[in-house]
>>> print(open('model.cif').read())   # mmCIF, C-alpha atoms (C1' of nucleotides)
data_start
#
loop_
_atom_site.label_atom_id
_atom_site.label_comp_id
_atom_site.auth_asym_id
_atom_site.auth_seq_id
_atom_site.Cartn_x
_atom_site.Cartn_y
_atom_site.Cartn_z
CA MET A 16 -7.78 -5.36 -0.36
CA THR A 17 -11.21 -5.45 -1.94
CA ASP A 18 -13.35 -3.12 0.15
CA GLN A 19 -13.79 0.51 -0.71
CA LEU A 20 -12.52 1.97 2.54
CA SER A 21 -9.24 0.10 2.09
CA ARG A 22 -8.92 1.40 -1.44
CA VAL A 23 -9.52 4.96 -0.29
CA PHE A 24 -6.87 4.79 2.42
CA ALA A 25 -4.42 3.10 0.08
CA ALA A 26 -5.04 5.70 -2.60
CA LEU A 27 -4.22 8.52 -0.18
CA ALA A 28 -1.14 6.76 1.18
CA ASP A 29 0.84 8.15 -1.77
CA PRO A 30 2.05 11.77 -1.51
CA THR A 31 1.75 12.35 -5.25
CA ARG A 32 -1.85 11.19 -5.25
CA ARG A 33 -2.63 13.26 -2.17
CA ASP A 34 -1.20 16.28 -3.93
CA MET A 35 -3.33 15.58 -6.99
CA VAL A 36 -6.44 15.39 -4.84
CA ALA A 37 -5.46 18.66 -3.21
CA ARG A 38 -5.09 20.35 -6.55
CA LEU A 39 -8.38 18.95 -7.80
CA THR A 40 -10.27 20.67 -4.99
CA VAL A 41 -9.81 23.96 -6.82
CA GLY A 42 -11.28 22.59 -10.03
CA ASP A 43 -11.27 19.81 -12.61
CA ALA A 44 -8.09 19.24 -14.60
CA THR A 45 -6.81 17.24 -17.57
CA VAL A 46 -4.29 14.45 -17.17
CA GLY A 47 -1.57 16.51 -18.78
CA ALA A 48 -2.19 19.48 -16.51
CA LEU A 49 -2.13 17.20 -13.49
CA ALA A 50 1.11 15.57 -14.62
CA ALA A 51 2.95 18.82 -15.31
CA PRO A 52 4.30 19.54 -11.80
CA TYR A 53 5.69 16.05 -11.26
CA ASP A 54 8.85 14.62 -12.70
CA VAL A 55 7.24 11.44 -14.02
CA SER A 56 5.72 10.29 -17.29
CA VAL A 57 2.11 10.97 -18.21
CA GLN A 58 1.52 7.23 -18.12
CA ALA A 59 2.50 7.08 -14.48
CA VAL A 60 0.02 9.84 -13.67
CA SER A 61 -2.63 7.99 -15.64
CA LYS A 62 -2.01 4.99 -13.40
CA HIS A 63 -2.32 7.12 -10.28
CA LEU A 64 -5.63 8.41 -11.58
CA LYS A 65 -6.83 4.86 -12.09
CA VAL A 66 -6.09 4.14 -8.44
CA LEU A 67 -7.99 7.24 -7.35
CA GLU A 68 -10.84 6.31 -9.66
CA ASP A 69 -11.05 2.74 -8.35
CA ALA A 70 -11.25 4.20 -4.86
CA GLY A 71 -14.16 6.37 -5.98
CA LEU A 72 -12.29 9.56 -5.18
CA VAL A 73 -12.31 10.75 -8.77
CA THR A 74 -14.26 10.39 -12.01
CA ARG A 75 -13.06 10.84 -15.57
CA SER A 76 -15.31 12.22 -18.32
CA ARG A 77 -14.28 13.07 -21.86
CA ASP A 78 -13.91 16.14 -24.03
CA ALA A 79 -12.36 15.33 -27.41
CA GLN A 80 -8.90 13.84 -26.67
CA ARG A 81 -8.94 15.25 -23.14
CA ARG A 82 -10.18 13.38 -20.14
CA PRO A 83 -11.07 15.96 -17.49
CA VAL A 84 -10.70 14.61 -13.98
CA HIS A 85 -13.29 15.48 -11.36
CA LEU A 86 -12.99 15.08 -7.60
CA GLU A 87 -15.82 13.23 -5.85
CA ALA A 88 -16.08 14.74 -2.38
CA GLU A 89 -18.65 12.32 -1.00
CA VAL A 90 -16.14 9.51 -0.57
CA PHE A 91 -14.28 11.53 2.01
CA ASP A 92 -17.23 10.97 4.31
CA LEU A 93 -16.46 7.24 4.41
CA MET A 94 -13.10 8.00 5.95
CA THR A 95 -14.19 10.77 8.26
CA LYS A 96 -16.93 8.54 9.59
CA TRP A 97 -14.53 5.70 10.29
CA ILE A 98 -11.91 7.96 11.81
CA GLU A 99 -14.29 10.00 13.94
CA ARG A 100 -15.91 6.91 15.34
CA TYR A 101 -12.70 5.49 16.73
CA ARG A 102 -10.99 8.75 17.48
CA GLN A 103 -13.81 9.69 19.82
CA GLN A 104 -13.71 6.35 21.58
CA ALA A 105 -9.97 6.55 21.92
CA GLU A 106 -10.11 10.03 23.37
CA GLU A 107 -12.90 9.20 25.76
CA ARG A 108 -10.88 6.28 26.97
CA TYR A 109 -7.87 8.48 27.42
CA GLN A 110 -9.81 10.95 29.50
CA ARG A 111 -11.35 8.24 31.63
CA LEU A 112 -7.87 7.52 33.03
CA ASP A 113 -8.38 3.83 32.65
CA GLY A 114 -5.69 2.61 34.93
CA LEU A 115 -7.48 4.06 37.91
CA LEU A 116 -10.87 2.97 36.68
CA ASP A 117 -9.76 -0.60 36.13
CA GLU A 118 -8.41 -0.78 39.62
CA LEU A 119 -11.66 0.49 41.06
CA ASN A 120 -13.46 -2.01 38.89
CA ASP A 121 -11.41 -4.87 40.28
CA ARG A 122 -12.19 -3.86 43.83
CA LEU A 123 -15.87 -3.61 42.98
CA ASN A 124 -15.80 -7.09 41.51
CA ASP A 125 -14.13 -8.42 44.61
CA ARG A 126 -16.90 -6.99 46.76
CA LEU A 127 -19.60 -8.42 44.50
CA LYS A 128 -17.93 -11.80 44.65
CA ASP A 129 -17.97 -11.63 48.43
CA ARG A 130 -21.70 -11.04 48.30
CA ALA A 131 -22.52 -14.47 46.80
CA ALA A 132 -22.38 -13.68 43.04
CA PRO A 133 -21.48 -16.76 40.86
CA SER A 134 -18.06 -16.82 39.20
CA ARG A 135 -17.99 -14.39 36.32
CA GLN A 136 -17.48 -15.52 32.72
CA HIS A 137 -14.74 -13.91 30.71
CA ASP A 138 -16.06 -11.75 27.87
CA ASP A 139 -14.26 -12.43 24.59
CA THR A 140 -16.97 -11.55 22.09
CA GLN A 141 -15.70 -8.01 21.60
CA GLU A 142 -15.03 -7.73 17.89
CA GLY A 143 -15.25 -4.16 16.62
CA THR A 144 -15.61 -5.12 12.96
CA ALA A 145 -14.39 -2.34 10.72
CA SER A 146 -16.58 -2.52 7.65
CA MET B 24 6.86 6.62 1.39
CA THR B 25 8.80 8.39 4.12
CA ASP B 26 6.42 10.96 5.59
CA GLN B 27 4.21 10.19 8.55
CA LEU B 28 0.89 11.00 6.93
CA SER B 29 1.62 8.47 4.20
CA ARG B 30 2.51 5.85 6.77
CA VAL B 31 -0.72 6.47 8.66
CA PHE B 32 -2.88 6.14 5.56
CA ALA B 33 -0.99 3.05 4.43
CA ALA B 34 -1.34 1.49 7.87
CA LEU B 35 -5.10 1.93 7.80
CA ALA B 36 -5.41 0.64 4.23
CA ASP B 37 -5.43 -2.91 5.61
CA PRO B 38 -8.73 -4.24 7.00
CA THR B 39 -7.00 -6.40 9.60
CA ARG B 40 -5.04 -3.44 10.90
CA ARG B 41 -8.14 -1.26 10.92
CA ASP B 42 -9.91 -3.89 12.95
CA MET B 43 -7.03 -4.06 15.40
CA VAL B 44 -7.16 -0.30 15.85
CA ALA B 45 -10.90 -0.54 16.40
CA ARG B 46 -10.44 -3.16 19.07
CA LEU B 47 -7.69 -1.18 20.75
CA THR B 48 -10.03 1.74 21.34
CA VAL B 49 -11.70 -0.26 24.10
CA GLY B 50 -8.41 -0.92 25.86
CA ASP B 51 -4.81 -2.09 25.57
CA ALA B 52 -4.19 -5.67 24.52
CA THR B 53 -1.35 -8.16 24.20
CA VAL B 54 -0.15 -9.43 20.83
CA GLY B 55 -1.65 -12.84 21.45
CA ALA B 56 -5.02 -11.42 22.38
CA LEU B 57 -4.99 -9.25 19.29
CA ALA B 58 -4.05 -12.19 17.08
CA ALA B 59 -6.74 -14.53 18.42
CA PRO B 60 -9.67 -13.52 16.19
CA TYR B 61 -7.70 -13.72 12.94
CA ASP B 62 -6.71 -16.81 11.06
CA VAL B 63 -3.04 -15.91 10.74
CA SER B 64 0.13 -16.59 12.69
CA VAL B 65 1.19 -14.47 15.65
CA GLN B 66 4.21 -13.41 13.64
CA ALA B 67 2.00 -11.88 11.00
CA VAL B 68 0.15 -9.89 13.64
CA SER B 69 3.46 -8.80 15.09
CA LYS B 70 4.36 -7.42 11.67
CA HIS B 71 1.05 -5.58 11.43
CA LEU B 72 1.76 -4.02 14.81
CA LYS B 73 5.15 -2.88 13.59
CA VAL B 74 3.45 -1.07 10.72
CA LEU B 75 1.00 0.59 13.09
CA GLU B 76 3.86 1.50 15.41
CA ASP B 77 5.95 3.02 12.61
CA ALA B 78 2.92 5.10 11.70
CA GLY B 79 2.74 6.32 15.29
CA LEU B 80 -0.74 4.89 15.76
CA VAL B 81 0.36 2.51 18.47
CA THR B 82 3.03 2.08 21.14
CA ARG B 83 4.31 -1.14 22.71
CA SER B 84 5.45 -1.30 26.30
CA ARG B 85 6.48 -4.42 28.19
CA ASP B 86 5.22 -6.53 31.06
CA ALA B 87 7.29 -9.68 31.52
CA GLN B 88 6.99 -11.67 28.26
CA ARG B 89 3.92 -9.68 27.21
CA ARG B 90 4.08 -6.58 25.10
CA PRO B 91 0.85 -4.66 25.75
CA VAL B 92 -0.19 -2.54 22.79
CA HIS B 93 -1.58 0.93 23.36
CA LEU B 94 -3.45 3.10 20.87
CA GLU B 95 -2.16 6.66 20.38
CA ALA B 96 -5.18 8.76 19.53
CA GLU B 97 -3.33 11.98 18.73
CA VAL B 98 -2.12 10.73 15.35
CA PHE B 99 -5.68 10.58 14.12
CA ASP B 100 -5.62 14.35 14.15
CA LEU B 101 -3.02 14.38 11.38
CA MET B 102 -5.50 12.66 9.11
CA THR B 103 -8.61 14.52 10.15
CA LYS B 104 -6.79 17.78 9.57
CA TRP B 105 -5.72 16.77 6.10
CA ILE B 106 -9.10 15.38 5.19
CA GLU B 107 -11.17 18.20 6.61
CA ARG B 108 -9.12 20.79 4.81
CA TYR B 109 -9.76 19.35 1.38
CA ARG B 110 -13.21 18.01 2.06
CA GLN B 111 -14.42 21.49 2.92
CA GLN B 112 -12.89 22.99 -0.20
CA ALA B 113 -14.35 20.25 -2.32
CA GLU B 114 -17.80 20.67 -0.85
CA GLU B 115 -17.74 24.41 -1.14
CA ARG B 116 -16.80 24.03 -4.73
CA TYR B 117 -19.59 21.54 -5.22
CA GLN B 118 -22.15 23.86 -3.72
CA ARG B 119 -20.95 26.77 -5.79
CA LEU B 120 -22.29 24.86 -8.81
CA ASP B 121 -19.20 25.70 -10.77
CA GLY B 122 -20.46 25.09 -14.22
CA LEU B 123 -23.09 27.78 -13.93
CA LEU B 124 -20.80 30.11 -12.05
CA ASP B 125 -18.04 29.81 -14.59
CA GLU B 126 -20.46 30.63 -17.37
CA LEU B 127 -21.73 33.68 -15.54
CA ASN B 128 -18.14 34.65 -14.91
CA ASP B 129 -17.31 34.48 -18.58
CA ARG B 130 -20.21 36.70 -19.44
CA LEU B 131 -19.22 39.14 -16.74
CA ASN B 132 -15.69 39.25 -18.12
CA ASP B 133 -17.00 39.93 -21.57
CA ARG B 134 -18.95 42.86 -20.28
CA LEU B 135 -15.98 44.21 -18.32
CA LYS B 136 -13.78 43.88 -21.39
CA ASP B 137 -16.31 45.96 -23.32
CA ARG B 138 -16.00 48.64 -20.66
CA ALA B 139 -12.23 49.20 -21.23
CA ALA B 140 -10.72 46.91 -18.53
CA PRO B 141 -7.21 45.54 -19.42
CA SER B 142 -6.89 41.79 -20.28
CA ARG B 143 -6.89 39.59 -17.18
CA GLN B 144 -3.91 37.40 -16.22
CA HIS B 145 -4.42 33.69 -15.77
CA ASP B 146 -3.69 32.43 -12.26
CA ASP B 147 -1.55 29.26 -12.28
CA THR B 148 0.27 29.52 -8.95
CA GLN B 149 -2.23 27.35 -7.06
CA GLU B 150 -0.26 24.32 -5.79
CA GLY B 151 -1.84 22.77 -2.69
CA THR B 152 1.24 20.94 -1.45
CA ALA B 153 0.25 18.00 0.73
CA SER B 154 2.92 17.74 3.42
"C1'" DG C 20 17.43 -25.43 36.55
"C1'" DC C 21 14.06 -26.77 33.18
"C1'" DC C 22 9.74 -26.21 30.71
"C1'" DG C 23 6.00 -23.64 28.70
"C1'" DT C 24 4.44 -19.14 27.20
"C1'" DT C 25 4.84 -14.87 24.63
"C1'" DC C 26 6.82 -12.50 21.24
"C1'" DT C 27 10.47 -10.90 17.76
"C1'" DC C 28 13.80 -11.66 14.08
"C1'" DA C 29 15.39 -13.72 9.72
"C1'" DA C 30 14.75 -16.04 5.48
"C1'" DC C 31 11.79 -17.09 2.07
"C1'" DC C 32 7.70 -16.80 -1.29
"C1'" DA C 33 3.76 -14.91 -4.12
"C1'" DC C 34 1.85 -10.96 -5.53
"C1'" DA C 35 0.89 -5.83 -5.65
"C1'" DT C 36 2.78 -1.27 -6.71
"C1'" DG C 37 5.12 2.56 -8.99
"C1'" DG C 38 7.99 3.48 -12.37
"C1'" DT C 39 9.73 2.93 -17.26
"C1'" DT C 40 9.29 2.53 -22.69
"C1'" DG C 41 6.78 1.51 -26.97
"C1'" DA C 42 2.60 1.10 -29.61
"C1'" DC C 43 -1.67 2.96 -30.82
"C1'" DA C 44 -6.43 4.90 -30.39
"C1'" DA C 45 -9.00 9.08 -30.67
"C1'" DC C 46 -9.37 13.57 -31.85
"C1'" DC C 47 -8.39 18.48 -33.67
"C1'" DT C 48 -5.86 21.22 -37.08
"C1'" DT C 49 -4.20 22.20 -41.51
"C1'" DA D 6 -5.12 12.83 -46.01
"C1'" DA D 7 -1.25 13.89 -42.91
"C1'" DG D 8 0.42 15.27 -38.70
"C1'" DG D 9 0.39 16.86 -33.87
"C1'" DT D 10 -1.78 16.41 -29.25
"C1'" DT D 11 -3.75 13.81 -25.45
"C1'" DG D 12 -4.23 9.88 -23.19
"C1'" DT D 13 -4.57 4.60 -22.47
"C1'" DC D 14 -2.88 -0.13 -22.71
"C1'" DA D 15 0.70 -3.74 -22.49
"C1'" DA D 16 5.07 -5.53 -21.23
"C1'" DC D 17 8.69 -5.20 -18.34
"C1'" DC D 18 11.53 -4.25 -14.02
"C1'" DA D 19 12.74 -3.17 -9.12
"C1'" DT D 20 10.96 -2.82 -4.77
"C1'" DG D 21 7.46 -3.31 -1.10
"C1'" DT D 22 3.95 -6.05 1.34
"C1'" DG D 23 1.58 -9.79 3.72
"C1'" DG D 24 1.93 -14.24 4.53
"C1'" DT D 25 4.63 -18.49 5.88
"C1'" DT D 26 8.14 -21.41 8.81
"C1'" DG D 27 12.08 -21.94 11.94
"C1'" DA D 28 15.05 -20.29 15.57
"C1'" DG D 29 15.69 -18.10 19.65
"C1'" DA D 30 15.26 -14.35 23.38
"C1'" DA D 31 12.97 -13.15 27.66
"C1'" DC D 32 10.32 -14.28 31.29
"C1'" DG D 33 7.11 -16.77 35.04
"C1'" DG D 34 5.93 -21.22 37.25
"C1'" DC D 35 7.22 -25.45 39.16
#
>>> encode(input="model.cif", output="structure tokens")
Amino acid sequence: MTDQLSRVFAALADPTRRDMVARLTVGDATVGALAAPYDVSVQAVSKHLKVLEDAGLVTRSRDAQRRPVHLEAEVFDLMTKWIERYRQQAEERYQRLDGLLDELNDRLNDRLKDRAAPSRQHDDTQEGTAS
Amino acid sequence: MTDQLSRVFAALADPTRRDMVARLTVGDATVGALAAPYDVSVQAVSKHLKVLEDAGLVTRSRDAQRRPVHLEAEVFDLMTKWIERYRQQAEERYQRLDGLLDELNDRLNDRLKDRAAPSRQHDDTQEGTAS
DNA sequence: GCCGTTCTCAACCACATGGTTGACAACCTT
DNA sequence: AAGGTTGTCAACCATGTGGTTGAGAACGGC
């Protein structure tokens, strides 16, 4: 799971981490402050932050012993872009009522075949790489 | 990791599964067809599909031995809602240029204090639960 | 009825993940 | 200098995840 998009999704797959992100939208916070509401050790929270940091969702600076955590909003765009792209396609497809369309398509092909077109080649190059 | 949103994010944290979703936006497909491009066993793909199904991203019907897979677009909304909510907040905050604002705020408070206002209470009820 | 195709289930394995505790680095306070 | 606060790192443990292989269910074609 090396690519950034995967890391972002994985990071947000945990409710605790999602909650931390939510709380960080109102302002930076120290590790201790972030840990307070949860019933786990500070070390565990530190690990969660590392995951968020590796995903690029968060940065940690320093202020004496503290390490204020800052949310990086730009990374959200990565996800929204990916999601929007396929959500749109999926919805378009839904509204096209494919079943009917496919049937019409088959009939059309039959007619074209009748009119002396050579046998069609099956198209299997569709890849849709998700990078 | 019981809640749906977590399952959706986790499902999309895998590049192979993301690619399958991408390919499903152009139309339903059988397990075999989905497995073809990847260098893994059909069983592995079947497992991936189970994950997507448990997340509600996909449904499997049946047609003789085949099990056509269909993408459920509605679940994407769960994510977009969550993301948009916090992305907006984060961006607003970013554009407010908090550092400067906070400083101005402090100065303003100092002036108000000079003018006989009572001491302000700190607000710590902000929680941002992510359900 | 038998064979090939398509797919799932079960058992197993290597490795990642989320939690713990203990040690300690870095820093402010006194 | 000594001690408290804040946080990370390392080792460990239980559980989850993504892959494998093997067996078999369900079905169409001959």
>>> residues_near_point(input="model.cif", point="(-1.2, 18.0, -27.6)", cutoff="10 Å", atoms="all atoms listed in the file", output="list of chain:residue names")
A:Gly47, A:Gln80, A:Arg81, C:DC47, D:DG9, D:DT10, D:DT11, D:DG12
>>> interface_residues(input="model.cif", of="chain B", to="chain A", cutoff="10 Å", atoms="all atoms listed in the file", output="MDAnalysis selection string")
chainID B and resid 24:51 56 59:60 94:100 102:103 105:117 121 149:154
>>> interface_residues(input="model.cif", of="chain D", to="chain B", cutoff="7 Å", atoms="all atoms listed in the file", output="PyMOL selection string")
chain D and resi 24+31-32
>>> closest_residue(input="model.cif", among="B:Gly79, B:Ala58, B:Arg85, B:Arg90", to="chain C", atoms="all atoms listed in the file")
B:Arg90
>>> interface_residues(input="model.cif", of="chain C", to="chain B", cutoff="10 Å", atoms="only C-alpha atoms (C1' of nucleotides)", output="ChimeraX atom specification")
/C:24-28
>>> atom_distance(input="model.cif", atom1="atom C1' of D:DT26", atom2="atom C1' of C:DA29")
10.6 Å
>>> atom_distance(input="model.cif", atom1="atom C1' of D:DA15", atom2="atom CA of A:Ala44")
25.8 Å
>>> atom_distance(input="model.cif", atom1="atom CA of A:Arg75", atom2="atom CA of A:Leu49")
12.8 Å
>>> residues_near_point(input="model.cif", point="(7.3, -3.2, -0.7)", cutoff="12 Å", atoms="only C-alpha atoms (C1' of nucleotides)", output="list of chain:residue names")
B:Met24, B:Ala33, C:DC34, C:DA35, C:DT36, C:DG37, D:DA19, D:DT20, D:DG21, D:DT22, D:DG23
>>> residues_around(input="model.cif", residues="D:DC35", least_positions_apart="3", cutoff="12 Å", atoms="all atoms listed in the file", output="PyMOL selection string")
chain C and resi 20-23
>>> resolve_selection(input="model.cif", expression="the PyMOL selection byres ((chain C and resi 41-43) around 10)", output="list in words")
DT40, DA44 and DA45 of chain C; DT13, DC14, DA15 and DA16 of chain D
>>> write_last_selection(input="model.cif", atoms="C-alpha atoms (C1' of nucleotides)", output="PDB file, keeping the file's coordinate frame")
ATOM      1  C1'  DT C  40       9.290   2.530 -22.690  1.00  0.00           C
ATOM      2  C1'  DA C  44      -6.430   4.900 -30.390  1.00  0.00           C
ATOM      3  C1'  DA C  45      -9.000   9.080 -30.670  1.00  0.00           C
TER       4       DA C  45
ATOM      5  C1'  DT D  13      -4.570   4.600 -22.470  1.00  0.00           C
ATOM      6  C1'  DC D  14      -2.880  -0.130 -22.710  1.00  0.00           C
ATOM      7  C1'  DA D  15       0.700  -3.740 -22.490  1.00  0.00           C
ATOM      8  C1'  DA D  16       5.070  -5.530 -21.230  1.00  0.00           C
TER       9       DA D  16
END
